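Peer 1: Structure in structure tokens, see below.
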Amino acid sequence: MNNLGIVLAVAGAVLAALLAGIGSAKGVGLVGEAAAGVVSVDPSKFSKVLILELLPGTQGLYGLLTAILLLSRVGIIGGTAAELTAAQGWMFFAASLPMAIVGLISGIVQGRTAAAGVGITAKKPDHNGKGIIMAAMVETYAILALLISILLIYNIAI
Amino acid sequence: MSRTDHASAVAAVKAMENSLLTHSDTEQLIAAKTDSEFRSVLSAKNADGQDLEAVWEMLRSYAPDNREMQILLYRNDFHDLKAVLKALISNRDPSVYFIKPSNVELEQLSTAFREKSAEGLPQHLKKTAEEAYELLTRTMDGQLSDTLIDTAALSQMQEDAARFGGQFIQRYAQLTAACADIKTAYRCCLMKKPGQFLQAAICGSRGLPKEDIIDAVLGGQESFFSYLETTDYAELASLLKKSAAAFEKRCDDLLIELADEARLQTFGIEPLEAYYIAKEAEIKNIRIIKVCRECGSDKEIITERMRKLYV
């Protein structure tokens, strides 16, 4: 049980990368489907729909960032893993949750919003920016989750 | 998490909506002085020589196994059933009367009637095909068999829409049935048809129950219109009093208004169905303009007859 602390910290890092990655994959995939539909009719809209497709991909990056920061903080990256108590391990685990859960949900929801934005681009290409803004609004919550995860990771006393 | 199906198809359909005829295109078509001018407006929108079958095939390629979408073709299916049955009975070529797109092939229908077995037909046609064949061969009364098939088409649409369709297709089926019932009931009113005939000719729908329509029709024209005025279809009643053309136009417009709501969805089969309805209306509009131009009708009359546009 001496290793429980570090195991929990690693599990937190895995969860952040995993769930946020799943959210992004689902979101990007959904927008990709919609984008492919538009491009099949009008290939000239490729660049416009590509921006929308990229938007839900950020959650995966935030999850990755959270995982790297957490692993770095507990010394896994760098060679010497810190000796963590179970309480510290749980704290690191909890610190990863905002990014993991919000990353999963916001990735999927942003995908839906961006797919709707693809519809705007399809019908009114000049209003493409509005679709991007609407999808980008969802991003706010992923950024807030990332912020709180980072603050927690750096402020847990080891 | 709610549905995200048909995202690709819906986006493609939204891109295709840009090539639907707009109000200004329609005005240009009506105002075209020569046939070449008329054709060039259509060519600019790729609407020259378009047929509904190609539209259907394209939509079907996006949703090949969608049973709900097939309900849109039930009217054509039952028309084809009616046409092939009568053509075969009277030794005529059924292909002349067969319309497409359809969920059933001409060969399937011909084989079914030749072999006196409805086994090879789609499920929604089987029972009606057997009944209509039996009725027509027994009575040789074409009107009776037509009535049976028309009513069966409307009730099958509603039944299947309720069984495996969403809200949009259910409302589509109800509206189609209501419009058809009002038209039939009005004709029966004028021709003073007996209750027995009405029982076979009226289908009924939500908001317009069969027994209520029959009671109203049996009371005469005044009672029929008074009844309609108490329903959701009061507007149609007042138009029907004025002219059959205005009534038909409003029925088509109501379908487009229904489709207009469905096209705002980002996912699901509804925007595809709405696009098909829009394309159907567009082709009808082009046909009306063509016919009116050939007859030398006034621009005002053509404009008055134009169906509502989707874009």
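In the structure tokens, chains take letters A, B, ... by order of appearance, with residues numbered from 1 within each chain and ligands from 1 in the order shown.
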Using only C-alpha atoms and a distance of at most 6 Å, pull out the residues of chain A that contact chain B, as a ChimeraX atom specification.
Peer 2: /A:33-34,37-38,116,119,122-123
Peer 1: Let's have the selection written as a PDB file, in the first residue's frame, with C-alpha atoms.
Peer 2:
```pdb
ATOM      1  CA  GLU A  33     -18.670  13.656 -40.861  1.00  0.00           C
ATOM      2  CA  ALA A  34     -20.603  16.868 -41.387  1.00  0.00           C
ATOM      3  CA  GLY A  37     -20.895  15.938 -46.424  1.00  0.00           C
ATOM      4  CA  VAL A  38     -20.409  19.576 -47.384  1.00  0.00           C
ATOM      5  CA  ALA A 116     -24.202  22.783 -36.670  1.00  0.00           C
ATOM      6  CA  GLY A 119     -24.441  23.717 -41.689  1.00  0.00           C
ATOM      7  CA  ALA A 122     -22.748  25.056 -46.182  1.00  0.00           C
ATOM      8  CA  LYS A 123     -25.670  27.437 -46.659  1.00  0.00           C
TER       9      LYS A 123
END
```
Peer 1: What separation in Å, quoted to one decimal, exists between atom CA of B:Pro94 and atom CA of B:Thr111?
Peer 2: 11.8 Å
Peer 1: I'd like the contact shell of A:Val102 - 12 Å cut-off, only C-alpha atoms, skipping same-chain residues fewer than 3 positions apart - returned as a short mmCIF file (atom, residue, chain, number, x, y, z; two decimals) with N, CA and C atoms, in the first residue's frame.
Peer 2:
```cif
data_model
loop_
_atom_site.label_atom_id
_atom_site.label_comp_id
_atom_site.auth_asym_id
_atom_site.auth_seq_id
_atom_site.Cartn_x
_atom_site.Cartn_y
_atom_site.Cartn_z
N LEU A 15 -6.47 9.33 -16.60
CA LEU A 15 -7.88 9.71 -16.79
C LEU A 15 -8.01 11.03 -17.56
N ALA A 16 -7.18 12.00 -17.20
CA ALA A 16 -7.25 13.30 -17.88
C ALA A 16 -6.97 13.15 -19.36
N ALA A 17 -5.91 12.40 -19.69
CA ALA A 17 -5.56 12.23 -21.11
C ALA A 17 -6.61 11.39 -21.83
N LEU A 19 -10.02 10.55 -20.99
CA LEU A 19 -11.39 11.05 -21.18
C LEU A 19 -11.43 12.28 -22.09
N ALA A 20 -10.49 13.20 -21.86
CA ALA A 20 -10.48 14.39 -22.72
C ALA A 20 -10.18 13.98 -24.17
N GLY A 21 -9.32 13.00 -24.32
CA GLY A 21 -9.00 12.49 -25.66
C GLY A 21 -10.23 11.87 -26.32
N ILE A 22 -11.00 11.11 -25.55
CA ILE A 22 -12.22 10.49 -26.11
C ILE A 22 -13.20 11.58 -26.53
N GLY A 23 -13.36 12.60 -25.66
CA GLY A 23 -14.27 13.71 -25.99
C GLY A 23 -13.87 14.36 -27.29
N SER A 24 -12.57 14.62 -27.42
CA SER A 24 -12.09 15.27 -28.65
C SER A 24 -12.28 14.39 -29.87
N GLN A 59 -9.60 19.86 -26.54
CA GLN A 59 -9.79 19.18 -25.25
C GLN A 59 -8.76 18.06 -25.09
N GLY A 60 -8.49 17.35 -26.15
CA GLY A 60 -7.49 16.28 -26.10
C GLY A 60 -6.13 16.84 -25.73
N TYR A 62 -5.60 19.65 -24.04
CA TYR A 62 -5.64 20.08 -22.64
C TYR A 62 -5.48 18.88 -21.71
N GLY A 63 -6.09 17.77 -22.08
CA GLY A 63 -5.97 16.54 -21.28
C GLY A 63 -4.52 16.08 -21.26
N SER A 96 -7.04 15.99 -11.34
CA SER A 96 -7.15 15.68 -12.78
C SER A 96 -8.60 15.62 -13.25
N LEU A 97 -9.51 15.45 -12.27
CA LEU A 97 -10.91 15.22 -12.67
C LEU A 97 -11.57 16.37 -13.44
N PRO A 98 -11.37 17.65 -13.04
CA PRO A 98 -12.03 18.71 -13.82
C PRO A 98 -11.71 18.59 -15.31
N MET A 99 -10.42 18.41 -15.62
CA MET A 99 -10.06 18.34 -17.04
C MET A 99 -10.58 17.07 -17.69
N ILE A 105 -16.99 15.81 -21.83
CA ILE A 105 -18.31 16.33 -22.19
C ILE A 105 -18.20 17.51 -23.16
N SER A 106 -17.28 18.42 -22.87
CA SER A 106 -17.21 19.61 -23.74
C SER A 106 -16.71 19.24 -25.14
N GLY A 107 -15.89 18.21 -25.23
CA GLY A 107 -15.41 17.77 -26.55
C GLY A 107 -16.58 17.32 -27.41
N ILE A 108 -17.45 16.53 -26.81
CA ILE A 108 -18.60 16.00 -27.57
C ILE A 108 -19.58 17.14 -27.91
N VAL A 109 -19.86 17.95 -26.89
CA VAL A 109 -20.83 19.04 -27.11
C VAL A 109 -20.29 20.05 -28.12
N GLN A 110 -19.01 20.33 -28.03
CA GLN A 110 -18.43 21.27 -29.00
C GLN A 110 -18.49 20.68 -30.41
N VAL A 138 -18.06 27.04 -26.27
CA VAL A 138 -17.98 25.82 -25.46
C VAL A 138 -16.56 25.65 -24.90
N GLU A 139 -15.61 26.15 -25.66
CA GLU A 139 -14.20 26.04 -25.29
C GLU A 139 -13.93 26.67 -23.92
N THR A 140 -14.66 27.74 -23.60
CA THR A 140 -14.46 28.46 -22.33
C THR A 140 -14.41 27.50 -21.15
N TYR A 141 -15.35 26.56 -21.18
CA TYR A 141 -15.48 25.68 -20.01
C TYR A 141 -14.35 24.65 -19.94
N ALA A 142 -13.84 24.28 -21.09
CA ALA A 142 -12.69 23.38 -21.10
C ALA A 142 -11.47 24.13 -20.56
N ILE A 143 -11.36 25.42 -20.93
CA ILE A 143 -10.22 26.22 -20.46
C ILE A 143 -10.31 26.42 -18.94
N LEU A 144 -11.53 26.67 -18.45
CA LEU A 144 -11.71 26.85 -17.00
C LEU A 144 -11.33 25.58 -16.25
N ALA A 145 -11.73 24.43 -16.82
CA ALA A 145 -11.40 23.15 -16.19
C ALA A 145 -9.90 22.92 -16.20
N LEU A 146 -9.27 23.27 -17.32
CA LEU A 146 -7.81 23.12 -17.43
C LEU A 146 -7.13 23.98 -16.37
N LEU A 147 -7.61 25.20 -16.23
CA LEU A 147 -7.04 26.15 -15.27
C LEU A 147 -7.09 25.59 -13.85
N ILE A 148 -8.28 25.10 -13.48
CA ILE A 148 -8.42 24.61 -12.10
C ILE A 148 -7.58 23.35 -11.89
N SER A 149 -7.48 22.51 -12.90
CA SER A 149 -6.65 21.30 -12.78
C SER A 149 -5.19 21.69 -12.58
#
```
Peer 1: What does the distance between atom CA of B:Ile30 and atom CA of B:Thr303 come to in Å, to one decimal place?
Peer 2: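 We find that atom CA of B:Ile30 and atom CA of B:Thr303 lie 7.6 Å from each other.
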Peer 1: Can you tell me, as a PyMOL selection string, what residues are no more than 7 Å from stretch 285-294 of chain B when counting only C-alpha atoms, ignoring any on the same chain fewer than 4 positions away?
Peer 2: chain B and resi 30+281+302+306-307
Peer 1: What gap, in Å, lies between atom CA of B:Phe113 and atom CA of B:Asp80?
Peer 2: 12.4 Å
Peer 1: Show which residues sit within 9 Å of B:Glu261, as a ChimeraX atom specification. Count only C-alpha atoms, and ignore same-chain residues fewer than 5 positions away.
Peer 2: /B:168,256,271,274
Peer 1: Go ahead and save the picked residues with C-alpha atoms, as a CSV table (one decimal), in the first residue's frame.
Peer 2:
```csv
chain,number,residue,atom,x,y,z
B,168,PHE,CA,-41.9,15.1,-38.5
B,256,ILE,CA,-43.5,23.1,-47.3
B,271,PRO,CA,-33.7,17.5,-43.1
B,274,ALA,CA,-37.6,18.0,-45.9
```
Peer 1: Pull the helix (DSSP H, G or I) assignments for stretch 103-205 of chain B out of DSSP run on the backbone, and list those residues as a ChimeraX atom specification.
Peer 2: /B:106-114,123-139,142-164,167-191,195-201
Peer 1: For B:Pro209, work out the shell of residues within 10 Å, counting only C-alpha atoms and skipping chain neighbours fewer than 6 positions away, then give it as a list in words.
Peer 2: Ala178, Asp181, Ile202 and Cys203 of chain B
Peer 1: At a cut-off of 10 Å, using only C-alpha atoms, what residues contact stretch 69-76 of chain B? Leave out same-chain residues fewer than 4 positions from it and give the result as a ChimeraX atom specification.
Peer 2: /B:56,59-60,63-65,80-82,98-104,124-125,149-150,152-154,156-158,160-161,164-165,169-170,172-173,176,269-270,272-274,276-277
Peer 1: Could you check which of A:Ala87, A:Leu54, A:Leu8, A:Leu64 is closest to A:Gly103, using only C-alpha atoms?
Peer 2: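 Between A:Ala87, A:Leu54, A:Leu8, A:Leu64, the residue approaching A:Gly103 most closely is A:Leu64.
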